[in-house]
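Accompanying notes for the structure given below.
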Amino acid sequence: VSPTIGVFDSGFGGLTVLRELLRIIPGAHYVYLGDTARLPYGSKSRETVVRYALSSARFLEEHGAELLVTACNTATALALEDLQEALPIPVIGVVDPGTRAATRACGDAGNGERPGVLVLATQATVDSHAYARSCEAAGLLATEKACPLLVPLIEEGWGSEGSREEMCEVTSQVLRIYLREALESTSNARAVLLGCTHYPLLRSAIEQTLSELGHPIPVIDSAQATAEAVAEALAARNLVRDDVHDRCEFFATDSVAKFARLGTRFLGSPVENVQLIDLGG
Ligand code: DGL
């Protein structure tokens, strides 16, 4: 029997992680929960994010998850240790895998200095400094930049997976302002790490804007590295998969129609049969 892998996010963004899980670990049973009723997590306090994350994680564990992926940067940054303590199953977050991917991209600065990495994330993730700590442990110097307007713009459909020209002018300007401000405080960044589940949907626009600002550096996200970490954890626990087809179940705490519509964009394939659940306030 294939392992059941629980994946949870505050909303749709974690589907960018599920997309990579399906690619790297096909043939597993995935149970995805988007806590859309309580999104955004990124502007809330640690206490609230921990409470929300615990109830979401418990739902997935009760639903048979044998391993949990916290596919939300804010929940990972603020609540990973609480989740690991509270749950009897392994819990994998996205921050350390993201840092690992950034390390690969940055290489060695070559002058004895730590390579710089610019981390874009929600306000709560930035305030937690989880990325700064993770990067420091990996020998990188992180500059963290909160981009609080990007999640609502992407949710509104005002982003674009294509080039910046295809994107709404407002989003393009907001992105430019954030990147210009960030680069003013760190001129030696060797990579940009997308520390929020939504930002991979702006990857091309971010790359293009960085080039225009004179910093054509690689843009990294944690989705692939997280899926690799999950594959390692499964192998270490002998949780082998033997199904030919993947199975995905989707749950959301708010409108299932909206989840299916926006989710399809984040997953890159149709999100169907979403079930509504109530986790309280
Ligand atoms: N999933 C969140 C993250 O990756 C972004 C959306 C939110 O603020 O809830 O930080």
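So you can find residues: chains in the structure tokens are A, B, ... in the order shown, residues in each start at 1, and ligands are numbered from 1 in order.
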Practice task
With a distance cut-off of 12 Å and only C-alpha atoms, select the neighbouring residues of Thr36 of chain A, excluding the residue or stretch itself and same-chain residues fewer than 3 positions from it, and output the selection as a ChimeraX atom specification.
Solution key: /A:8-14,32-33,39-41,52,56,155,251-260,262-263,276-281
Written file, previous selection with C-alpha atoms, as a PDB file, in the first residue's frame:
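For reference, selection_6.pdb as written:
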```pdb
ATOM      1  CA  PHE A   8      -1.004  21.550   4.234  1.00  0.00           C
ATOM      2  CA  ASP A   9      -0.884  25.239   3.464  1.00  0.00           C
ATOM      3  CA  SER A  10      -2.837  28.310   4.432  1.00  0.00           C
ATOM      4  CA  GLY A  11      -4.399  28.126   0.977  1.00  0.00           C
ATOM      5  CA  PHE A  12      -3.571  27.312  -2.614  1.00  0.00           C
ATOM      6  CA  GLY A  13       0.119  28.188  -2.645  1.00  0.00           C
ATOM      7  CA  GLY A  14       1.226  24.830  -1.238  1.00  0.00           C
ATOM      8  CA  TYR A  32      -4.004  18.238   0.680  1.00  0.00           C
ATOM      9  CA  LEU A  33      -5.586  20.766   3.003  1.00  0.00           C
ATOM     10  CA  LEU A  39      -5.686  32.715   5.020  1.00  0.00           C
ATOM     11  CA  PRO A  40      -3.524  34.780   5.105  1.00  0.00           C
ATOM     12  CA  TYR A  41      -1.242  33.380   7.800  1.00  0.00           C
ATOM     13  CA  TYR A  52      -4.144  27.266  12.962  1.00  0.00           C
ATOM     14  CA  SER A  56      -4.787  21.768  10.143  1.00  0.00           C
ATOM     15  CA  GLU A 155      -4.882  35.701  -5.313  1.00  0.00           C
ATOM     16  CA  PHE A 251      -9.883  19.692   1.399  1.00  0.00           C
ATOM     17  CA  ALA A 252     -10.484  23.401   1.924  1.00  0.00           C
ATOM     18  CA  THR A 253     -11.944  25.401   4.781  1.00  0.00           C
ATOM     19  CA  ASP A 254     -13.630  27.957   2.506  1.00  0.00           C
ATOM     20  CA  SER A 255     -15.295  28.017  -0.927  1.00  0.00           C
ATOM     21  CA  VAL A 256     -14.518  24.793  -2.768  1.00  0.00           C
ATOM     22  CA  ALA A 257     -15.345  26.430  -6.102  1.00  0.00           C
ATOM     23  CA  LYS A 258     -12.697  29.113  -5.531  1.00  0.00           C
ATOM     24  CA  PHE A 259     -10.221  26.458  -4.390  1.00  0.00           C
ATOM     25  CA  ALA A 260     -10.745  24.440  -7.557  1.00  0.00           C
ATOM     26  CA  LEU A 262      -7.323  29.115  -8.174  1.00  0.00           C
ATOM     27  CA  GLY A 263      -5.848  25.739  -7.229  1.00  0.00           C
ATOM     28  CA  LEU A 276     -15.302  21.520   2.459  1.00  0.00           C
ATOM     29  CA  ILE A 277     -14.331  21.124   6.123  1.00  0.00           C
ATOM     30  CA  ASP A 278     -14.738  23.323   9.193  1.00  0.00           C
ATOM     31  CA  LEU A 279     -11.761  23.745  11.509  1.00  0.00           C
ATOM     32  CA  GLY A 280     -13.346  26.557  13.514  1.00  0.00           C
ATOM     33  CA  GLY A 281     -11.939  30.079  13.829  1.00  0.00           C
TER      34      GLY A 281
END
```
Practice task
With a distance cut-off of 7 Å and only C-alpha atoms, select the neighbouring residues of Leu120 of chain A, excluding the residue or stretch itself and same-chain residues fewer than 3 positions from it, and output the selection as a ChimeraX atom specification.
Solution key: /A:144-147,193-195
Produce a file of the selected residues containing N, CA and C atoms, as a PDB file, in the first residue's frame.
```pdb
ATOM      1  N   GLU A 144      16.430  39.479   4.452  1.00  0.00           N
ATOM      2  CA  GLU A 144      15.013  39.098   4.336  1.00  0.00           C
ATOM      3  C   GLU A 144      14.166  40.328   3.998  1.00  0.00           C
ATOM      4  N   LYS A 145      13.299  40.169   3.020  1.00  0.00           N
ATOM      5  CA  LYS A 145      12.463  41.291   2.581  1.00  0.00           C
ATOM      6  C   LYS A 145      10.993  40.864   2.570  1.00  0.00           C
ATOM      7  N   ALA A 146      10.176  41.558   3.347  1.00  0.00           N
ATOM      8  CA  ALA A 146       8.737  41.256   3.357  1.00  0.00           C
ATOM      9  C   ALA A 146       8.071  41.903   2.142  1.00  0.00           C
ATOM     10  N   CYS A 147       7.225  41.139   1.468  1.00  0.00           N
ATOM     11  CA  CYS A 147       6.514  41.645   0.282  1.00  0.00           C
ATOM     12  C   CYS A 147       5.009  41.410   0.485  1.00  0.00           C
ATOM     13  N   LEU A 193      15.785  33.834  -3.051  1.00  0.00           N
ATOM     14  CA  LEU A 193      15.056  32.651  -2.592  1.00  0.00           C
ATOM     15  C   LEU A 193      13.605  33.042  -2.353  1.00  0.00           C
ATOM     16  N   LEU A 194      12.689  32.342  -3.019  1.00  0.00           N
ATOM     17  CA  LEU A 194      11.273  32.643  -2.877  1.00  0.00           C
ATOM     18  C   LEU A 194      10.760  31.972  -1.609  1.00  0.00           C
ATOM     19  N   GLY A 195      10.594  32.758  -0.543  1.00  0.00           N
ATOM     20  CA  GLY A 195      10.229  32.213   0.760  1.00  0.00           C
ATOM     21  C   GLY A 195       8.742  32.298   1.030  1.00  0.00           C
TER      22      GLY A 195
END
```
Practice task
Could you pull out the residues in segment 150-261 of chain A that DSSP calls alpha helix (DSSP H) from the backbone, as number ranges by chain?
Solution key: A: 150-155, 169-185, 203-212, 223-236, 256-261
Practice task
Name the closest residue to Ala75 of chain A among the candidates A:Thr16, A:Ser185, A:Ser134, A:Thr197; distances are taken between atoms, counting only C-alpha atoms.
Solution key: A:Thr197
Would you mind listing what lies within 12 Å of Asp221 of chain A as a CSV table (one decimal) with all heavy atoms, in the first residue's frame, with only C-alpha atoms counted and same-chain residues fewer than 2 positions away left out?
```
chain,number,residue,atom,x,y,z
A,14,GLY,N,0.5,26.1,-1.5
A,14,GLY,CA,1.2,24.8,-1.2
A,14,GLY,C,1.0,23.8,-2.4
A,14,GLY,O,1.8,22.8,-2.5
A,16,THR,N,2.0,24.4,-5.2
A,16,THR,CA,3.2,24.5,-6.0
A,16,THR,C,4.2,23.4,-5.5
A,16,THR,O,5.0,22.9,-6.2
A,16,THR,CB,3.9,25.9,-6.0
A,16,THR,OG1,4.1,26.2,-4.6
A,16,THR,CG2,3.0,26.9,-6.7
A,17,VAL,N,4.1,23.1,-4.2
A,17,VAL,CA,4.9,22.0,-3.6
A,17,VAL,C,4.3,20.7,-4.0
A,17,VAL,O,5.1,19.7,-4.3
A,17,VAL,CB,5.0,22.2,-2.0
A,17,VAL,CG1,5.7,21.1,-1.4
A,17,VAL,CG2,5.6,23.5,-1.7
A,20,GLU,N,5.5,19.5,-7.3
A,20,GLU,CA,6.8,18.9,-7.3
A,20,GLU,C,6.8,17.5,-6.7
A,20,GLU,O,7.5,16.6,-7.1
A,20,GLU,CB,7.8,19.7,-6.6
A,20,GLU,CG,8.3,20.9,-7.4
A,20,GLU,CD,8.9,20.5,-8.7
A,20,GLU,OE1,9.9,19.7,-8.7
A,20,GLU,OE2,8.5,21.0,-9.7
A,71,ALA,N,3.6,22.8,3.7
A,71,ALA,CA,4.0,23.5,2.5
A,71,ALA,C,3.8,25.0,2.5
A,71,ALA,O,3.7,25.6,1.5
A,71,ALA,CB,3.2,22.9,1.3
A,73,ASN,N,5.3,28.5,4.0
A,73,ASN,CA,6.5,29.1,4.6
A,73,ASN,C,6.3,29.7,5.9
A,73,ASN,O,7.0,29.6,6.9
A,73,ASN,CB,7.1,30.2,3.7
A,73,ASN,CG,7.8,29.6,2.4
A,73,ASN,OD1,8.9,29.4,2.4
A,73,ASN,ND2,6.9,29.3,1.4
A,94,VAL,N,9.4,23.7,4.7
A,94,VAL,CA,10.0,24.2,3.5
A,94,VAL,C,11.2,25.1,3.6
A,94,VAL,O,11.8,25.4,2.6
A,94,VAL,CB,8.9,24.9,2.6
A,94,VAL,CG1,7.9,23.9,2.0
A,94,VAL,CG2,8.2,26.0,3.4
A,95,VAL,N,11.4,25.5,4.9
A,95,VAL,CA,12.5,26.5,5.0
A,95,VAL,C,13.9,25.9,4.8
A,95,VAL,O,14.7,26.4,4.0
A,95,VAL,CB,12.4,27.2,6.4
A,95,VAL,CG1,13.7,28.1,6.7
A,95,VAL,CG2,11.2,28.1,6.5
A,96,ASP,N,14.2,24.8,5.5
A,96,ASP,CA,15.5,24.2,5.3
A,96,ASP,C,15.8,23.7,3.9
A,96,ASP,O,16.8,23.9,3.3
A,96,ASP,CB,15.8,23.1,6.4
A,96,ASP,CG,16.1,23.7,7.8
A,96,ASP,OD1,16.4,24.9,7.8
A,96,ASP,OD2,16.0,23.0,8.8
A,97,PRO,N,14.8,23.0,3.3
A,97,PRO,CA,15.0,22.6,1.9
A,97,PRO,C,15.2,23.8,1.0
A,97,PRO,O,16.1,23.8,0.1
A,97,PRO,CB,13.7,21.9,1.5
A,97,PRO,CG,13.2,21.3,2.8
A,97,PRO,CD,13.6,22.4,3.9
A,98,GLY,N,14.5,24.9,1.2
A,98,GLY,CA,14.7,26.2,0.4
A,98,GLY,C,16.2,26.7,0.6
A,98,GLY,O,16.8,27.0,-0.4
A,99,THR,N,16.6,26.6,1.8
A,99,THR,CA,18.0,27.1,2.1
A,99,THR,C,19.0,26.2,1.4
A,99,THR,O,20.0,26.6,0.8
A,99,THR,CB,18.3,27.1,3.6
A,99,THR,OG1,17.4,27.9,4.2
A,99,THR,CG2,19.7,27.5,3.9
A,100,ARG,N,18.7,24.9,1.4
A,100,ARG,CA,19.6,23.9,0.7
A,100,ARG,C,19.7,24.2,-0.8
A,100,ARG,O,20.7,24.2,-1.4
A,100,ARG,CB,19.1,22.5,0.9
A,100,ARG,CG,20.2,21.4,1.0
A,100,ARG,CD,19.6,20.1,1.5
A,100,ARG,NE,18.9,20.2,2.8
A,100,ARG,CZ,17.8,19.6,3.1
A,100,ARG,NH1,17.2,18.8,2.3
A,100,ARG,NH2,17.3,19.8,4.3
A,101,ALA,N,18.5,24.5,-1.4
A,101,ALA,CA,18.5,24.9,-2.8
A,101,ALA,C,19.3,26.1,-3.1
A,101,ALA,O,20.0,26.3,-4.1
A,101,ALA,CB,17.0,25.0,-3.3
A,102,ALA,N,19.2,27.1,-2.1
A,102,ALA,CA,19.9,28.4,-2.3
A,102,ALA,C,21.4,28.1,-2.2
A,102,ALA,O,22.2,28.7,-2.9
A,102,ALA,CB,19.5,29.4,-1.3
A,103,THR,N,21.8,27.2,-1.3
A,103,THR,CA,23.2,26.9,-1.1
A,103,THR,C,23.8,26.4,-2.4
A,103,THR,O,24.9,26.8,-2.9
A,103,THR,CB,23.4,25.8,0.0
A,103,THR,OG1,22.7,26.3,1.1
A,103,THR,CG2,24.9,25.7,0.4
A,104,ARG,N,23.0,25.5,-3.1
A,104,ARG,CA,23.5,24.9,-4.3
A,104,ARG,C,23.6,26.0,-5.4
A,104,ARG,O,24.6,26.0,-6.2
A,104,ARG,CB,22.4,23.8,-4.8
A,104,ARG,CG,22.4,22.6,-4.0
A,104,ARG,CD,21.9,21.4,-4.8
A,104,ARG,NE,20.4,21.5,-5.0
A,104,ARG,CZ,19.5,20.8,-4.3
A,104,ARG,NH1,20.0,19.9,-3.5
A,104,ARG,NH2,18.2,20.9,-4.5
A,105,ALA,N,22.7,26.9,-5.4
A,105,ALA,CA,22.7,28.0,-6.4
A,105,ALA,C,23.8,29.0,-6.2
A,105,ALA,O,24.4,29.6,-7.1
A,105,ALA,CB,21.4,28.7,-6.5
A,118,LEU,N,19.1,36.8,-1.1
A,118,LEU,CA,17.9,37.7,-0.8
A,118,LEU,C,16.7,36.8,-0.7
A,118,LEU,O,16.3,36.1,-1.6
A,118,LEU,CB,17.8,38.7,-1.9
A,118,LEU,CG,16.5,39.6,-1.9
A,118,LEU,CD1,16.5,40.4,-0.6
A,118,LEU,CD2,16.5,40.5,-3.1
A,119,VAL,N,16.0,36.8,0.5
A,119,VAL,CA,14.8,36.0,0.8
A,119,VAL,C,13.6,36.9,0.7
A,119,VAL,O,13.5,37.9,1.4
A,119,VAL,CB,14.9,35.3,2.1
A,119,VAL,CG1,13.7,34.4,2.4
A,119,VAL,CG2,16.2,34.5,2.3
A,120,LEU,N,12.7,36.6,-0.2
A,120,LEU,CA,11.4,37.3,-0.3
A,120,LEU,C,10.3,36.5,0.5
A,120,LEU,O,10.2,35.3,0.2
A,120,LEU,CB,11.0,37.5,-1.7
A,120,LEU,CG,12.0,38.1,-2.7
A,120,LEU,CD1,11.5,38.3,-4.1
A,120,LEU,CD2,12.5,39.5,-2.1
A,121,ALA,N,9.6,37.1,1.4
A,121,ALA,CA,8.6,36.3,2.2
A,121,ALA,C,7.5,37.2,2.7
A,121,ALA,O,7.5,38.4,2.5
A,121,ALA,CB,9.4,35.6,3.3
A,191,ALA,N,21.7,35.1,-5.1
A,191,ALA,CA,20.5,34.4,-5.5
A,191,ALA,C,19.3,35.0,-4.8
A,191,ALA,O,19.5,35.6,-3.7
A,191,ALA,CB,20.6,32.9,-5.2
A,192,VAL,N,18.1,34.9,-5.4
A,192,VAL,CA,16.9,35.2,-4.7
A,192,VAL,C,16.2,34.0,-4.3
A,192,VAL,O,16.0,33.1,-5.2
A,192,VAL,CB,16.0,36.1,-5.6
A,192,VAL,CG1,14.6,36.3,-5.0
A,192,VAL,CG2,16.7,37.5,-5.8
A,193,LEU,N,15.8,33.8,-3.1
A,193,LEU,CA,15.1,32.7,-2.6
A,193,LEU,C,13.6,33.0,-2.4
A,193,LEU,O,13.3,34.0,-1.6
A,193,LEU,CB,15.7,32.1,-1.3
A,193,LEU,CG,15.1,31.0,-0.6
A,193,LEU,CD1,14.8,29.8,-1.5
A,193,LEU,CD2,15.9,30.5,0.6
A,194,LEU,N,12.7,32.3,-3.0
A,194,LEU,CA,11.3,32.6,-2.9
A,194,LEU,C,10.8,32.0,-1.6
A,194,LEU,O,10.5,30.8,-1.6
A,194,LEU,CB,10.5,32.2,-4.1
A,194,LEU,CG,11.0,32.7,-5.5
A,194,LEU,CD1,10.2,32.2,-6.6
A,194,LEU,CD2,11.0,34.3,-5.4
A,195,GLY,N,10.6,32.8,-0.5
A,195,GLY,CA,10.2,32.2,0.8
A,195,GLY,C,8.7,32.3,1.0
A,195,GLY,O,8.3,32.5,2.2
A,196,CYS,N,8.0,32.2,0.0
A,196,CYS,CA,6.5,32.2,0.1
A,196,CYS,C,5.9,31.3,-1.0
A,196,CYS,O,6.4,31.4,-2.1
A,196,CYS,CB,6.0,33.6,0.0
A,196,CYS,SG,4.2,33.7,0.0
A,197,THR,N,4.9,30.5,-0.7
A,197,THR,CA,4.4,29.6,-1.6
A,197,THR,C,3.8,30.2,-2.9
A,197,THR,O,3.7,29.6,-3.9
A,197,THR,CB,3.2,28.8,-1.0
A,197,THR,OG1,2.3,29.8,-0.4
A,197,THR,CG2,3.7,27.9,0.1
A,198,HIS,N,3.4,31.5,-2.8
A,198,HIS,CA,2.7,32.1,-3.9
A,198,HIS,C,3.7,32.6,-5.0
A,198,HIS,O,3.4,32.8,-6.1
A,198,HIS,CB,1.9,33.3,-3.5
A,198,HIS,CG,0.6,33.0,-2.9
A,198,HIS,ND1,0.5,32.1,-1.8
A,198,HIS,CD2,-0.7,33.3,-3.2
A,198,HIS,CE1,-0.8,32.0,-1.5
A,198,HIS,NE2,-1.5,32.7,-2.3
A,199,TYR,N,4.9,33.0,-4.5
A,199,TYR,CA,5.9,33.7,-5.4
A,199,TYR,C,6.3,32.9,-6.6
A,199,TYR,O,6.7,33.6,-7.6
A,199,TYR,CB,7.0,34.3,-4.6
A,199,TYR,CG,6.7,35.2,-3.4
A,199,TYR,CD1,7.7,35.6,-2.5
A,199,TYR,CD2,5.4,35.7,-3.2
A,199,TYR,CE1,7.3,36.5,-1.5
A,199,TYR,CE2,5.1,36.5,-2.2
A,199,TYR,CZ,6.1,36.9,-1.3
A,199,TYR,OH,5.7,37.7,-0.2
A,200,PRO,N,6.4,31.6,-6.6
A,200,PRO,CA,6.8,30.9,-7.8
A,200,PRO,C,5.9,31.3,-9.0
A,200,PRO,O,6.4,31.2,-10.2
A,200,PRO,CB,6.7,29.4,-7.5
A,200,PRO,CG,6.9,29.4,-6.0
A,200,PRO,CD,6.3,30.6,-5.5
A,201,LEU,N,4.7,31.7,-8.7
A,201,LEU,CA,3.9,32.1,-9.9
A,201,LEU,C,4.3,33.5,-10.5
A,201,LEU,O,3.9,33.8,-11.5
A,201,LEU,CB,2.4,32.3,-9.4
A,201,LEU,CG,1.6,31.0,-9.6
A,201,LEU,CD1,1.9,30.0,-8.5
A,201,LEU,CD2,0.1,31.3,-9.7
A,202,LEU,N,5.3,34.1,-9.8
A,202,LEU,CA,5.8,35.4,-10.4
A,202,LEU,C,7.3,35.2,-10.8
A,202,LEU,O,7.9,36.2,-11.1
A,202,LEU,CB,5.8,36.5,-9.4
A,202,LEU,CG,4.4,37.0,-8.9
A,202,LEU,CD1,4.5,38.1,-7.9
A,202,LEU,CD2,3.5,37.4,-10.1
A,203,ARG,N,7.7,34.0,-10.9
A,203,ARG,CA,9.1,33.7,-11.1
A,203,ARG,C,9.7,34.5,-12.3
A,203,ARG,O,10.7,35.2,-12.2
A,203,ARG,CB,9.4,32.3,-11.2
A,203,ARG,CG,10.9,32.0,-11.5
A,203,ARG,CD,11.1,30.6,-12.0
A,203,ARG,NE,10.6,29.6,-11.1
A,203,ARG,CZ,11.3,29.2,-10.0
A,203,ARG,NH1,12.5,29.6,-9.9
A,203,ARG,NH2,10.8,28.4,-9.2
A,218,PRO,N,20.1,34.1,-10.1
A,218,PRO,CA,19.1,33.0,-10.2
A,218,PRO,C,18.0,33.2,-9.1
A,218,PRO,O,18.2,33.7,-8.0
A,218,PRO,CB,19.9,31.8,-9.9
A,218,PRO,CG,21.2,32.2,-9.5
A,218,PRO,CD,21.4,33.6,-9.8
A,219,VAL,N,16.8,32.7,-9.5
A,219,VAL,CA,15.7,32.8,-8.6
A,219,VAL,C,15.3,31.3,-8.2
A,219,VAL,O,15.1,30.5,-9.1
A,219,VAL,CB,14.4,33.4,-9.2
A,219,VAL,CG1,13.2,33.4,-8.3
A,219,VAL,CG2,14.8,34.9,-9.6
A,223,ALA,N,10.2,24.3,-3.6
A,223,ALA,CA,9.3,23.2,-3.9
A,223,ALA,C,10.1,21.9,-4.2
A,223,ALA,O,9.8,20.8,-3.6
A,223,ALA,CB,8.3,23.6,-5.0
A,224,GLN,N,11.0,22.0,-5.1
A,224,GLN,CA,11.7,20.8,-5.6
A,224,GLN,C,12.5,20.2,-4.4
A,224,GLN,O,12.5,19.0,-4.2
A,224,GLN,CB,12.6,21.1,-6.8
A,224,GLN,CG,13.3,19.9,-7.3
A,224,GLN,CD,14.2,20.1,-8.4
A,224,GLN,OE1,14.0,21.1,-9.2
A,224,GLN,NE2,15.2,19.3,-8.6
A,225,ALA,N,13.3,21.1,-3.7
A,225,ALA,CA,14.1,20.6,-2.6
A,225,ALA,C,13.3,20.0,-1.5
A,225,ALA,O,13.7,19.0,-0.8
A,225,ALA,CB,15.0,21.8,-2.1
A,226,THR,N,12.1,20.5,-1.3
A,226,THR,CA,11.2,19.9,-0.3
A,226,THR,C,10.7,18.5,-0.7
A,226,THR,O,10.7,17.6,0.1
A,226,THR,CB,9.9,20.8,-0.1
A,226,THR,OG1,10.4,22.1,0.3
A,226,THR,CG2,9.0,20.3,1.0
A,227,ALA,N,10.4,18.4,-2.0
A,227,ALA,CA,9.9,17.1,-2.5
A,227,ALA,C,11.1,16.1,-2.3
A,227,ALA,O,10.9,14.9,-2.0
A,227,ALA,CB,9.5,17.2,-3.9
```
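Considering the residues A:Val274, A:Ala205, A:Ala79, A:Ala235 and counting only C-alpha atoms and all ligand atoms, ligand 1 has its shortest atom-to-atom contact with A:Ala79.
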Handout entry: Polymer residues at most 7 Å from Gly93 of chain A, only C-alpha atoms, same-chain spacing of 4 or more positions, as a list in words
Key = Val69, Thr70, Ala71, Thr76 and Leu80 of chain A
Please, could you write that set of residues out with N, CA and C atoms as a PDB file, in the first residue's frame?
```pdb
ATOM      1  N   VAL A  69       3.753  17.326   5.246  1.00  0.00           N
ATOM      2  CA  VAL A  69       4.561  18.383   4.646  1.00  0.00           C
ATOM      3  C   VAL A  69       3.883  19.714   4.952  1.00  0.00           C
ATOM      4  N   THR A  70       4.590  20.567   5.670  1.00  0.00           N
ATOM      5  CA  THR A  70       4.069  21.910   5.917  1.00  0.00           C
ATOM      6  C   THR A  70       4.503  22.760   4.734  1.00  0.00           C
ATOM      7  N   ALA A  71       3.630  22.829   3.734  1.00  0.00           N
ATOM      8  CA  ALA A  71       4.010  23.468   2.467  1.00  0.00           C
ATOM      9  C   ALA A  71       3.796  24.976   2.516  1.00  0.00           C
ATOM     10  N   THR A  76       5.762  27.029   8.506  1.00  0.00           N
ATOM     11  CA  THR A  76       7.058  26.395   8.793  1.00  0.00           C
ATOM     12  C   THR A  76       7.896  27.313   9.681  1.00  0.00           C
ATOM     13  N   LEU A  80       6.926  25.107  12.962  1.00  0.00           N
ATOM     14  CA  LEU A  80       7.434  23.760  12.644  1.00  0.00           C
ATOM     15  C   LEU A  80       7.760  22.953  13.906  1.00  0.00           C
TER      16      LEU A  80
END
```
